[in-house]
file target-v8.pdb (PDB, C-alpha atoms)
ATOM      1  CA  LYS A 211      -4.198  25.514   4.157
ATOM      2  CA  LEU A 212      -5.731  25.395   0.681
ATOM      3  CA  LYS A 213      -4.129  26.606  -2.510
ATOM      4  CA  GLN A 214      -5.976  29.289  -4.425
ATOM      5  CA  VAL A 215      -8.410  28.087  -7.073
ATOM      6  CA  ALA A 216     -10.422  29.949  -9.677
ATOM      7  CA  PRO A 217     -14.220  30.119  -9.176
ATOM      8  CA  THR A 218     -14.913  27.385 -11.798
ATOM      9  CA  GLU A 219     -11.751  25.303 -11.210
ATOM     10  CA  GLU A 220     -12.123  21.785  -9.776
ATOM     11  CA  PHE A 221     -10.072  20.674  -6.782
ATOM     12  CA  SER A 222      -9.918  17.751  -4.339
ATOM     13  CA  LEU A 223     -10.460  18.131  -0.630
ATOM     14  CA  SER A 224     -10.577  15.559   2.134
ATOM     15  CA  LEU A 225     -13.088  16.330   4.863
ATOM     16  CA  GLY A 226     -12.018  13.465   7.114
ATOM     17  CA  ILE A 227     -13.343  10.004   7.792
ATOM     18  CA  ASP A 228     -16.872   9.087   6.730
ATOM     19  CA  GLU A 229     -18.098   6.624   9.372
ATOM     20  CA  ASN A 230     -20.749   5.301   6.966
ATOM     21  CA  SER A 231     -18.231   4.032   4.430
ATOM     22  CA  ARG A 232     -15.370   1.649   5.033
ATOM     23  CA  VAL A 233     -12.242   0.980   3.016
ATOM     24  CA  GLU A 234      -9.840  -1.745   4.126
ATOM     25  CA  TYR A 235      -6.456  -2.142   2.426
ATOM     26  CA  LYS A 236      -4.694  -5.390   3.212
ATOM     27  CA  LEU A 237      -1.622  -7.262   1.950
ATOM     28  CA  MET A 238      -2.954 -10.747   1.216
ATOM     29  CA  ASN A 239       0.053 -12.491  -0.279
ATOM     30  CA  GLU A 240       3.727 -11.907  -0.978
ATOM     31  CA  PHE A 241       5.850 -14.515  -2.700
ATOM     32  CA  ASP A 242       9.181 -15.039  -4.478
ATOM     33  CA  LYS A 243       9.891 -16.884  -7.685
ATOM     34  CA  GLU A 244      13.076 -17.495  -9.642
ATOM     35  CA  GLY A 245      12.876 -16.707 -13.357
ATOM     36  CA  GLY A 246      14.812 -17.612 -16.465
ATOM     37  CA  ASN A 247      15.211 -21.021 -18.066
ATOM     38  CA  ILE A 248      16.224 -24.418 -16.726
ATOM     39  CA  PHE A 249      19.968 -23.733 -17.169
ATOM     40  CA  SER A 250      20.213 -20.195 -15.843
ATOM     41  CA  LYS A 251      18.177 -18.264 -13.323
ATOM     42  CA  LYS A 252      18.514 -14.739 -14.701
ATOM     43  CA  THR A 253      15.810 -12.978 -12.718
ATOM     44  CA  ALA A 254      14.056 -13.057  -9.397
ATOM     45  CA  LEU A 255      10.388 -12.180  -9.181
ATOM     46  CA  LYS A 256       8.676 -10.749  -6.107
ATOM     47  CA  SER A 257       4.890 -10.601  -6.304
ATOM     48  CA  PHE A 258       2.475  -8.695  -4.091
ATOM     49  CA  GLU A 259      -1.281  -9.153  -3.807
ATOM     50  CA  PHE A 260      -3.461  -6.600  -2.048
ATOM     51  CA  GLN A 261      -7.163  -6.638  -1.277
ATOM     52  CA  ILE A 262      -9.127  -3.401  -1.164
ATOM     53  CA  LYS A 263     -12.492  -3.996   0.505
ATOM     54  CA  LEU A 264     -15.195  -1.315   0.153
ATOM     55  CA  LYS A 265     -18.427  -1.268   2.164
ATOM     56  CA  ASN A 266     -21.330   1.217   2.017
ATOM     57  CA  PHE A 267     -23.276   1.549   5.293
ATOM     58  CA  LYS A 268     -25.373   4.477   4.019
ATOM     59  CA  LYS A 269     -29.016   4.293   2.996
ATOM     60  CA  THR A 270     -28.187   5.768  -0.399
ATOM     61  CA  GLU A 271     -26.095   4.584  -3.325
ATOM     62  CA  GLU A 272     -22.605   6.056  -3.097
ATOM     63  CA  GLU A 273     -19.774   6.479  -5.589
ATOM     64  CA  ILE A 274     -16.359   5.717  -4.107
ATOM     65  CA  THR A 275     -13.076   6.532  -5.822
ATOM     66  CA  VAL A 276      -9.957   4.545  -4.914
ATOM     67  CA  TRP A 277      -6.453   5.445  -6.080
ATOM     68  CA  ASP A 278      -3.400   3.238  -5.892
ATOM     69  CA  GLN A 279      -0.095   3.225  -7.686
ATOM     70  CA  LEU A 280       2.316   0.680  -9.056
ATOM     71  CA  PRO A 281       5.808   1.168  -7.634
ATOM     72  CA  ILE A 282       8.006   3.229  -9.927
ATOM     73  CA  SER A 283      11.536   1.931 -10.362
ATOM     74  CA  GLN A 284      14.476   4.321 -10.359
ATOM     75  CA  ASN A 285      16.564   1.583 -12.011
ATOM     76  CA  GLU A 286      15.773   0.587 -15.608
ATOM     77  CA  LEU A 287      16.829  -3.017 -14.847
ATOM     78  CA  LEU A 288      13.923  -3.417 -12.397
ATOM     79  CA  LYS A 289      10.600  -4.075 -14.068
ATOM     80  CA  VAL A 290       7.226  -3.642 -12.366
ATOM     81  CA  LEU A 291       4.390  -5.600 -13.995
ATOM     82  CA  LEU A 292       0.680  -5.199 -13.288
ATOM     83  CA  ILE A 293      -0.926  -8.636 -12.912
ATOM     84  CA  GLU A 294      -4.415  -7.771 -11.676
ATOM     85  CA  PRO A 295      -6.605  -6.027 -12.566
ATOM     86  CA  VAL A 296      -5.966  -6.845 -16.192
ATOM     87  CA  TYR A 297      -5.703  -3.460 -17.874
ATOM     88  CA  LYS A 298      -6.238  -3.046 -21.615
ATOM     89  CA  ALA A 299      -7.862   0.382 -21.809
ATOM     90  CA  ASP A 300      -9.674   2.864 -19.593
ATOM     91  CA  THR A 301     -13.191   1.870 -18.556
ATOM     92  CA  ASN A 302     -15.850   3.587 -16.442
ATOM     93  CA  GLU A 303     -14.627   1.660 -13.390
ATOM     94  CA  LEU A 304     -10.856   1.606 -13.953
ATOM     95  CA  LYS A 305      -8.566   4.244 -15.410
ATOM     96  CA  LYS A 306      -4.791   4.369 -15.605
ATOM     97  CA  GLU A 307      -3.390   7.818 -14.989
ATOM     98  CA  GLN A 308       0.042   9.406 -15.303
ATOM     99  CA  GLY A 309       2.746   7.901 -13.102
ATOM    100  CA  GLU A 310       1.303   4.367 -13.096
ATOM    101  CA  LYS A 311      -1.630   5.460 -10.921
ATOM    102  CA  LEU A 312      -4.772   3.343 -11.010
ATOM    103  CA  LYS A 313      -8.139   4.945 -10.329
ATOM    104  CA  TRP A 314     -11.179   2.826  -9.543
ATOM    105  CA  THR A 315     -14.617   4.482  -9.480
ATOM    106  CA  VAL A 316     -17.143   2.157  -7.871
ATOM    107  CA  SER A 317     -20.860   2.655  -7.212
ATOM    108  CA  LEU A 318     -22.087   0.839  -4.124
ATOM    109  CA  LYS A 319     -25.747   0.319  -3.272
ATOM    110  CA  PRO A 320     -26.837   0.603   0.368
ATOM    111  CA  GLY A 321     -25.198  -2.208   2.386
ATOM    112  CA  GLU A 322     -23.178  -3.420  -0.613
ATOM    113  CA  GLU A 323     -19.603  -4.625  -0.273
ATOM    114  CA  ARG A 324     -17.064  -4.868  -3.106
ATOM    115  CA  VAL A 325     -13.560  -6.318  -3.181
ATOM    116  CA  ILE A 326     -10.857  -5.036  -5.522
ATOM    117  CA  VAL A 327      -7.776  -7.201  -6.048
ATOM    118  CA  PHE A 328      -4.553  -5.353  -6.851
ATOM    119  CA  LYS A 329      -1.613  -7.564  -7.785
ATOM    120  CA  TYR A 330       1.800  -6.763  -9.257
ATOM    121  CA  SER A 331       5.275  -8.224  -9.507
ATOM    122  CA  VAL A 332       8.767  -6.764  -9.448
ATOM    123  CA  GLU A 333      11.338  -8.448 -11.721
ATOM    124  CA  VAL A 334      14.925  -8.108 -10.491
ATOM    125  CA  PRO A 335      18.073  -9.348 -12.285
ATOM    126  CA  GLN A 336      20.002 -11.850 -10.129
ATOM    127  CA  GLU A 337      23.011  -9.526  -9.915
ATOM    128  CA  LEU A 338      20.826  -6.956  -8.103
ATOM    129  CA  LYS A 339      19.077  -9.450  -5.832
ATOM    130  CA  GLY A 340      19.667  -8.526  -2.212
ATOM    131  CA  ARG A 341      20.673  -4.973  -3.135
ATOM    132  CA  VAL A 342      17.213  -3.607  -3.873
ATOM    133  CA  ILE A 343      16.044  -1.424  -1.016
ATOM    134  CA  GLY A 344      12.510  -2.149   0.154
ATOM    135  CA  ILE A 345      12.256  -5.610  -1.396
ATOM    136  CA  ASP A 346      13.586  -8.624   0.488
ATOM    137  CA  PHE A 347      14.134 -11.861  -1.446
TER     138      PHE A 347
END

call {"tool": "encode", "arguments": {"input": "target-v8.pdb", "output": "structure tokens"}}
result
Amino acid sequence: KLKQVAPTEEFSLSLGIDENSRVEYKLMNEFDKEGGNIFSKKTALKSFEFQIKLKNFKKTEEEITVWDQLPISQNELLKVLLIEPVYKADTNELKKEQGEKLKWTVSLKPGEERVIVFKYSVEVPQELKGRVIGIDF
């Protein structure tokens, strides 16, 4: 079911899998680190590294758009930090949208493959360590 749109209004629609393009999303690394100074370990850090592999099997150049999102904390004591890609401002290839969403727009020539690395960390105060749902330290 589609929502109603005006004749000139833009909308997104998925028409299913395109067998001539491939997108692989894979967790490459997950690691823990204690933070703070030498005398007190005030925070725990959990880092995640993902690899997004794009491949164009078509005979034409194709533009592929990939969206991903940094986790959004419901607790102000938890801090989510983007490590990679390094974001300073919107570019033609990478834009940061509302809600910590990242949008990559990539042009791939016929047969070309591109890898996007997406890495972030979650900083947790020691007193919350072990009580954060979805993150095991």

call {"tool": "atom_distance", "arguments": {"input": "target-v8.pdb", "atom1": "atom CA of Trp314 of chain A", "atom2": "atom CA of Asn230 of chain A"}}
result
19.2 Å

call {"tool": "atom_distance", "arguments": {"input": "target-v8.pdb", "atom1": "atom CA of Lys298 of chain A", "atom2": "atom CA of Val316 of chain A"}}
result
18.3 Å

call {"tool": "residues_near_point", "arguments": {"input": "target-v8.pdb", "point": "(-4.5, -7.7, -12.3)", "cutoff": "8 Å", "atoms": "only C-alpha atoms", "output": "VMD selection string"}}
result
chain A and resid 292 to 297 327 to 330

call {"tool": "residues_around", "arguments": {"input": "target-v8.pdb", "residues": "Ser222 of chain A", "least_positions_apart": "6", "cutoff": "12 Å", "atoms": "all atoms listed in the file", "output": "list in words"}}
result
Leu212, Lys213, Val215 and Thr275 of chain A

call {"tool": "closest_residue", "arguments": {"input": "target-v8.pdb", "among": "A:Glu310, A:Glu220, A:Glu333, A:Glu240", "to": "Pro281 of chain A", "atoms": "all atoms listed in the file"}}
result
A:Glu310

call {"tool": "residues_around", "arguments": {"input": "target-v8.pdb", "residues": "Tyr235 of chain A", "least_positions_apart": "5", "cutoff": "8 Å", "atoms": "all atoms listed in the file", "output": "list in words"}}
result
Phe260, Gln261, Ile262 and Lys263 of chain A

call {"tool": "write_last_selection", "arguments": {"input": "target-v8.pdb", "atoms": "C-alpha atoms", "output": "short mmCIF file (atom, residue, chain, number, x, y, z; two decimals), in the frame of the given file"}}
result
data_model
loop_
_atom_site.label_atom_id
_atom_site.label_comp_id
_atom_site.auth_asym_id
_atom_site.auth_seq_id
_atom_site.Cartn_x
_atom_site.Cartn_y
_atom_site.Cartn_z
CA PHE A 260 -3.46 -6.60 -2.05
CA GLN A 261 -7.16 -6.64 -1.28
CA ILE A 262 -9.13 -3.40 -1.16
CA LYS A 263 -12.49 -4.00 0.50
#

call {"tool": "decode", "arguments": {"input": "target-v8.pdb", "residues": "segment 219-276 of chain A", "atoms": "C-alpha atoms", "output": "PDB file, in the first residue's frame"}}
result
ATOM      1  CA  GLU A 219       5.850  15.287  -5.029  1.00  0.00           C
ATOM      2  CA  GLU A 220       8.902  13.020  -4.698  1.00  0.00           C
ATOM      3  CA  PHE A 221       8.674   9.701  -2.872  1.00  0.00           C
ATOM      4  CA  SER A 222      10.793   6.578  -2.328  1.00  0.00           C
ATOM      5  CA  LEU A 223       9.735   3.143  -3.461  1.00  0.00           C
ATOM      6  CA  SER A 224      11.529  -0.178  -3.310  1.00  0.00           C
ATOM      7  CA  LEU A 225      10.883  -2.425  -6.289  1.00  0.00           C
ATOM      8  CA  GLY A 226      12.735  -5.413  -4.856  1.00  0.00           C
ATOM      9  CA  ILE A 227      16.176  -6.870  -5.346  1.00  0.00           C
ATOM     10  CA  ASP A 228      18.261  -5.831  -8.344  1.00  0.00           C
ATOM     11  CA  GLU A 229      20.291  -8.926  -9.265  1.00  0.00           C
ATOM     12  CA  ASN A 230      22.820  -6.762 -11.132  1.00  0.00           C
ATOM     13  CA  SER A 231      23.883  -4.831  -8.047  1.00  0.00           C
ATOM     14  CA  ARG A 232      25.166  -6.237  -4.790  1.00  0.00           C
ATOM     15  CA  VAL A 233      25.379  -4.694  -1.344  1.00  0.00           C
ATOM     16  CA  GLU A 234      26.991  -6.643   1.489  1.00  0.00           C
ATOM     17  CA  TYR A 235      26.807  -5.353   5.066  1.00  0.00           C
ATOM     18  CA  LYS A 236      29.161  -7.081   7.464  1.00  0.00           C
ATOM     19  CA  LEU A 237      30.337  -6.573  11.055  1.00  0.00           C
ATOM     20  CA  MET A 238      34.127  -6.676  10.763  1.00  0.00           C
ATOM     21  CA  ASN A 239      35.256  -5.905  14.291  1.00  0.00           C
ATOM     22  CA  GLU A 240      33.847  -5.345  17.758  1.00  0.00           C
ATOM     23  CA  PHE A 241      36.080  -4.517  20.691  1.00  0.00           C
ATOM     24  CA  ASP A 242      36.047  -3.182  24.261  1.00  0.00           C
ATOM     25  CA  LYS A 243      38.308  -0.623  25.856  1.00  0.00           C
ATOM     26  CA  GLU A 244      38.438   0.872  29.332  1.00  0.00           C
ATOM     27  CA  GLY A 245      38.615   4.669  29.461  1.00  0.00           C
ATOM     28  CA  GLY A 246      39.633   7.287  31.977  1.00  0.00           C
ATOM     29  CA  ASN A 247      43.068   7.915  33.445  1.00  0.00           C
ATOM     30  CA  ILE A 248      45.643   5.670  35.085  1.00  0.00           C
ATOM     31  CA  PHE A 249      44.060   6.004  38.559  1.00  0.00           C
ATOM     32  CA  SER A 250      40.388   5.628  37.714  1.00  0.00           C
ATOM     33  CA  LYS A 251      38.577   3.850  34.925  1.00  0.00           C
ATOM     34  CA  LYS A 252      35.515   6.068  34.550  1.00  0.00           C
ATOM     35  CA  THR A 253      34.172   4.811  31.238  1.00  0.00           C
ATOM     36  CA  ALA A 254      33.971   1.719  29.116  1.00  0.00           C
ATOM     37  CA  LEU A 255      34.129   2.003  25.352  1.00  0.00           C
ATOM     38  CA  LYS A 256      32.565  -0.462  22.921  1.00  0.00           C
ATOM     39  CA  SER A 257      33.531   0.039  19.287  1.00  0.00           C
ATOM     40  CA  PHE A 258      31.920  -1.423  16.184  1.00  0.00           C
ATOM     41  CA  GLU A 259      33.332  -1.545  12.664  1.00  0.00           C
ATOM     42  CA  PHE A 260      31.156  -2.418   9.686  1.00  0.00           C
ATOM     43  CA  GLN A 261      32.049  -2.904   6.043  1.00  0.00           C
ATOM     44  CA  ILE A 262      29.555  -2.031   3.330  1.00  0.00           C
ATOM     45  CA  LYS A 263      30.665  -3.550   0.025  1.00  0.00           C
ATOM     46  CA  LEU A 264      29.004  -2.320  -3.191  1.00  0.00           C
ATOM     47  CA  LYS A 265      29.400  -4.011  -6.579  1.00  0.00           C
ATOM     48  CA  ASN A 266      27.929  -3.015  -9.965  1.00  0.00           C
ATOM     49  CA  PHE A 267      27.408  -5.943 -12.371  1.00  0.00           C
ATOM     50  CA  LYS A 268      25.560  -3.805 -14.939  1.00  0.00           C
ATOM     51  CA  LYS A 269      26.985  -2.605 -18.238  1.00  0.00           C
ATOM     52  CA  THR A 270      26.161   0.988 -17.342  1.00  0.00           C
ATOM     53  CA  GLU A 271      27.355   3.347 -14.631  1.00  0.00           C
ATOM     54  CA  GLU A 272      24.954   3.258 -11.694  1.00  0.00           C
ATOM     55  CA  GLU A 273      24.342   5.564  -8.741  1.00  0.00           C
ATOM     56  CA  ILE A 274      23.757   3.693  -5.487  1.00  0.00           C
ATOM     57  CA  THR A 275      22.474   5.320  -2.310  1.00  0.00           C
ATOM     58  CA  VAL A 276      23.245   3.704   1.052  1.00  0.00           C
TER      59      VAL A 276
END
